[in-house]
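Heads up: the structure comes next, in structure tokens.
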Amino acid sequence: MKDFGEAGVILNIKLKREGDGGVTLLQSHYVEKVLSRFRFSNCDLAGAGFEGWLFKKS
Amino acid sequence: MLNTTGLSKEWWGEAILTTCYVLNRVLTKNKEITPFEEWEKKRINLSYLRTWGCLAKVNVSINKKRKLGPKIVDCVFLGYAFHSVGYRFLIIKSDVPDMYVDTIMELRDATFFENEFPMKNTPSKTSHETIIPHAQELSILIDHVEDSHEHIPEVVDTIATQKSKRPRAKSFGDEFIVYLVEDMPTTIVEAYSSPDTDLWKEAVRSEMEYIMSNRTWEVVDRPYGCQPIGCKWIFKKKLRPNGTIERYKVRLVAKGYTQKEGEDFFDTYSPVARLTIICTLIAVAASYSLIINQMDVKTYFLNGDLDEEIYMDQPEGFIADGQESKVCRLLKSLYGLKQAPKQWYEKFDSTLITTGFVVNEADTYVYYRYGGGEAIMLCLYVDDILIFGSNLNVIEKVKKLLSSNLK
């Protein structure tokens with residue numbers, strides 16, 4: 001049995017504990033890994049083909 | 001070559017492979033012996049080489065032949081088979097039901113018509129007038145090779161000078177094998193004679209020590225009529241992302257594929273948590289401010305107890321003196337056994353039930369216990385355990401409990 005203490009990553013999802021008790025699920029480390037694997041970490045950003053505000057809470 | 005023989009451009013790959021194949025078997029400019037001889041340290045008879053793209057009447061193999069059906073199919077010779085003594089053919093005309101036109105097959109039994117190029121007449125008439133000198137010479141070369149070995153040098157000189165402009169595409173096969181082979185030992189004898197003997201020995205020793213301390217088996221006489229299942233050592237170097245070796249890993253695995261269903265094993269299932277459940281639990285944890293902890297089970301398959309009576313050969317390198325004819329009766333499950341995942345799940349399940357946990361009705365891999373102002377939830381994902389608790393105390397208690405019952 002190996003104790004990891006506070007859960008950090010489970011099934012490749014990073015858990016980030018917020019100050020107010022909330023939990024944020026992140027996979028940005030995975031995205032970064034994929035980008036660096038294809039040598040795209042330093043690529044320039046460009047606008048996406050859809051409108052970001054659609055996904056934002058109003 | 002493509003133009004001379006009238007084959008379409010899609011066959012350039014076959015053409016290159018064949019060219020390489022032939023070039024590796026004839027003399028180069030500077031050397032007295034052929035690349036093939038240098039590499040394989042043996043001489044070959046080149047009489048089996050044929051003109052590329054020529055017509056071949058291939059005898060239909062016996063299992064596809066019908067008594068009154070056709071006995072040959074018309075093909076174009078495309079190259080040499082990689083892994084067997086034979087040729088590759090593109091079928092151009094076939095009356096045999098199982099052999100389709102425009103497919104490639106590898107066979108040995110064929111008659112070649114080296115002056116006939118069946119594909120030559122199908123494309124536009126002018127195209128075959130332009131002949132690549134190289135291709136022509138190559139076919140001359142092949143003819144010479146077939147005639148006698150003494151004539152080769154003069155011909156080769158002209159070829160070799162032309163050849164040097166091209167990138168040398170030597171057989172891709174050998175390089176590919178180099179990647180596969182690495183230097184991972186496959187048997188314990190190999191591991192002990194490799195340069196990393198000490199590291200492997202240490203890894204084997206620790207795995208064996210663990211198995212012994214776990215009381216995985218007992219050595220008993222072989223019962224009459226029993227065929228013990230085999231076992232095998234698996235060696236692996238765990239690499240860090242930068243390519244350096246992190247540690248040497250050794251596992252003893254049972255050859256579970258020889259187990260018989262209904263005799264050596266019955267069920268093999270094991271539940272696994274769904275991702276949505278994990279997300280739901282995390283959401284619950286967020287809204288009730290629970291503490292989330294994580295545990296991981298080392299060698300989790302070695303934990304399960306076995307219900308079935310399974311006998312296994314003694315592992316290579318650890319055969320007890322004077323007990324060579326005895327076998328191991330397995331008491332605990334081992335990697336490779338069919339029922340290993342199920343036994344692990346059952347062990348985990350019973351451990352938790354006996355300590356007062358309740359199984360969630362909807363998802364059997366979620367356990368919970370509450371009372372006295374404390375609550376705790378457990379979620380199992382194969383060998384990862386997520387623990388949600390209302391305070392650290394209760395989490396520590398559960399962790400101690402798990403560690404004492406499971407390894």
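Going through the structure tokens in order, the chains are called A, B, and so on, while each chain numbers its residues from 1 and the ligands are numbered from 1 in the order shown.
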
Show me, as JSON lines, the residues of chain B having an atom within 7 Å of chain A, each with the closest atom pair and its distance in Å, using only C-alpha atoms.
{"residue": "B:Ala286", "atom": "CA", "partner": "A:Gly22", "partner_atom": "CA", "distance": 4.4}
{"residue": "B:Ser287", "atom": "CA", "partner": "A:Gly22", "partner_atom": "CA", "distance": 6.7}
{"residue": "B:Ser289", "atom": "CA", "partner": "A:Gly21", "partner_atom": "CA", "distance": 5.0}
{"residue": "B:Ile292", "atom": "CA", "partner": "A:Ala7", "partner_atom": "CA", "distance": 5.7}
{"residue": "B:Asn293", "atom": "CA", "partner": "A:Glu6", "partner_atom": "CA", "distance": 4.4}
{"residue": "B:Gln294", "atom": "CA", "partner": "A:Ala7", "partner_atom": "CA", "distance": 4.7}
{"residue": "B:Met295", "atom": "CA", "partner": "A:Asp3", "partner_atom": "CA", "distance": 4.7}
{"residue": "B:Asp296", "atom": "CA", "partner": "A:Lys2", "partner_atom": "CA", "distance": 5.0}
{"residue": "B:Val297", "atom": "CA", "partner": "A:Met1", "partner_atom": "CA", "distance": 4.5}
{"residue": "B:Lys298", "atom": "CA", "partner": "A:Met1", "partner_atom": "CA", "distance": 5.5}
{"residue": "B:Ser403", "atom": "CA", "partner": "A:Met1", "partner_atom": "CA", "distance": 5.7}
{"residue": "B:Leu406", "atom": "CA", "partner": "A:Met1", "partner_atom": "CA", "distance": 6.9}
{"residue": "B:Lys407", "atom": "CA", "partner": "A:Met1", "partner_atom": "CA", "distance": 5.3}

Pick out the residues sitting within 6 Å of region 26-38 of chain A, and hand them over as a PDB file with N, CA, C and O atoms, in the first residue's frame; count only C-alpha atoms, and ignore anything fewer than 2 positions along from it in its own chain.
ATOM      1  N   ILE A  13      -6.344  13.291 -14.341  1.00  0.00           N
ATOM      2  CA  ILE A  13      -7.030  14.555 -14.090  1.00  0.00           C
ATOM      3  C   ILE A  13      -6.417  15.157 -12.827  1.00  0.00           C
ATOM      4  O   ILE A  13      -6.315  14.486 -11.804  1.00  0.00           O
ATOM      5  N   LYS A  14      -5.997  16.397 -12.937  1.00  0.00           N
ATOM      6  CA  LYS A  14      -5.384  17.052 -11.788  1.00  0.00           C
ATOM      7  C   LYS A  14      -6.474  17.680 -10.923  1.00  0.00           C
ATOM      8  O   LYS A  14      -7.392  18.322 -11.454  1.00  0.00           O
ATOM      9  N   PHE A  40       5.239  21.911 -30.162  1.00  0.00           N
ATOM     10  CA  PHE A  40       4.370  23.051 -30.413  1.00  0.00           C
ATOM     11  C   PHE A  40       4.247  23.953 -29.183  1.00  0.00           C
ATOM     12  O   PHE A  40       3.366  24.792 -29.116  1.00  0.00           O
ATOM     13  N   SER A  41       5.128  23.719 -28.192  1.00  0.00           N
ATOM     14  CA  SER A  41       4.965  24.473 -26.946  1.00  0.00           C
ATOM     15  C   SER A  41       5.157  25.969 -27.165  1.00  0.00           C
ATOM     16  O   SER A  41       4.589  26.783 -26.451  1.00  0.00           O
TER      17      SER A  41
END

Residue nearest Glu207 (chain B) - candidates B:Val366, B:Ala191, B:Ala56, B:Val253, atoms counted: only C-alpha atoms
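The closest residue to Glu207 (chain B) is B:Val253.
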
Among the residues of chain A, find those DSSP assigns to strand (DSSP E) from the backbone and print them as an MDAnalysis selection string.
chainID A and resid 2:6 9:10 13:17 23:26

Residues of region 334-373 of chain B in helix (DSSP H, G or I) according to DSSP, as a ChimeraX atom specification?
/B:340-354

Near Phe113 (chain B), within 10 Å and counting only C-alpha atoms, which residues show up once chain neighbours fewer than 4 positions away are dropped, as a list in words?
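Once the nearby chain positions are removed, what remains is Arg50, Thr51, Cys54, Leu55, Ala56, Lys57, Val76, Phe77, Phe117 and Pro118 of chain B.
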
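CA of Phe82 (chain B) to CA of Asn63 (chain B) spans 22.5 Å [interatomic distance, one decimal].
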
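The space separating CA of Asp267 (chain B) from CA of Gln339 (chain B) comes to 6.5 Å.
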
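Using only C-alpha atoms, the protein and nucleic acid residues lying no more than 9 Å from Phe266 (chain B), apart from those fewer than 6 places from it along its own chain, are B:Lys260, B:Glu308, B:Lys338, B:Gln339.
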
Which distance in Å separates CA of Lys120 (chain B) and CA of Gly79 (chain B), to one decimal?
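We find that CA of Lys120 (chain B) and CA of Gly79 (chain B) lie 17.4 Å from each other.
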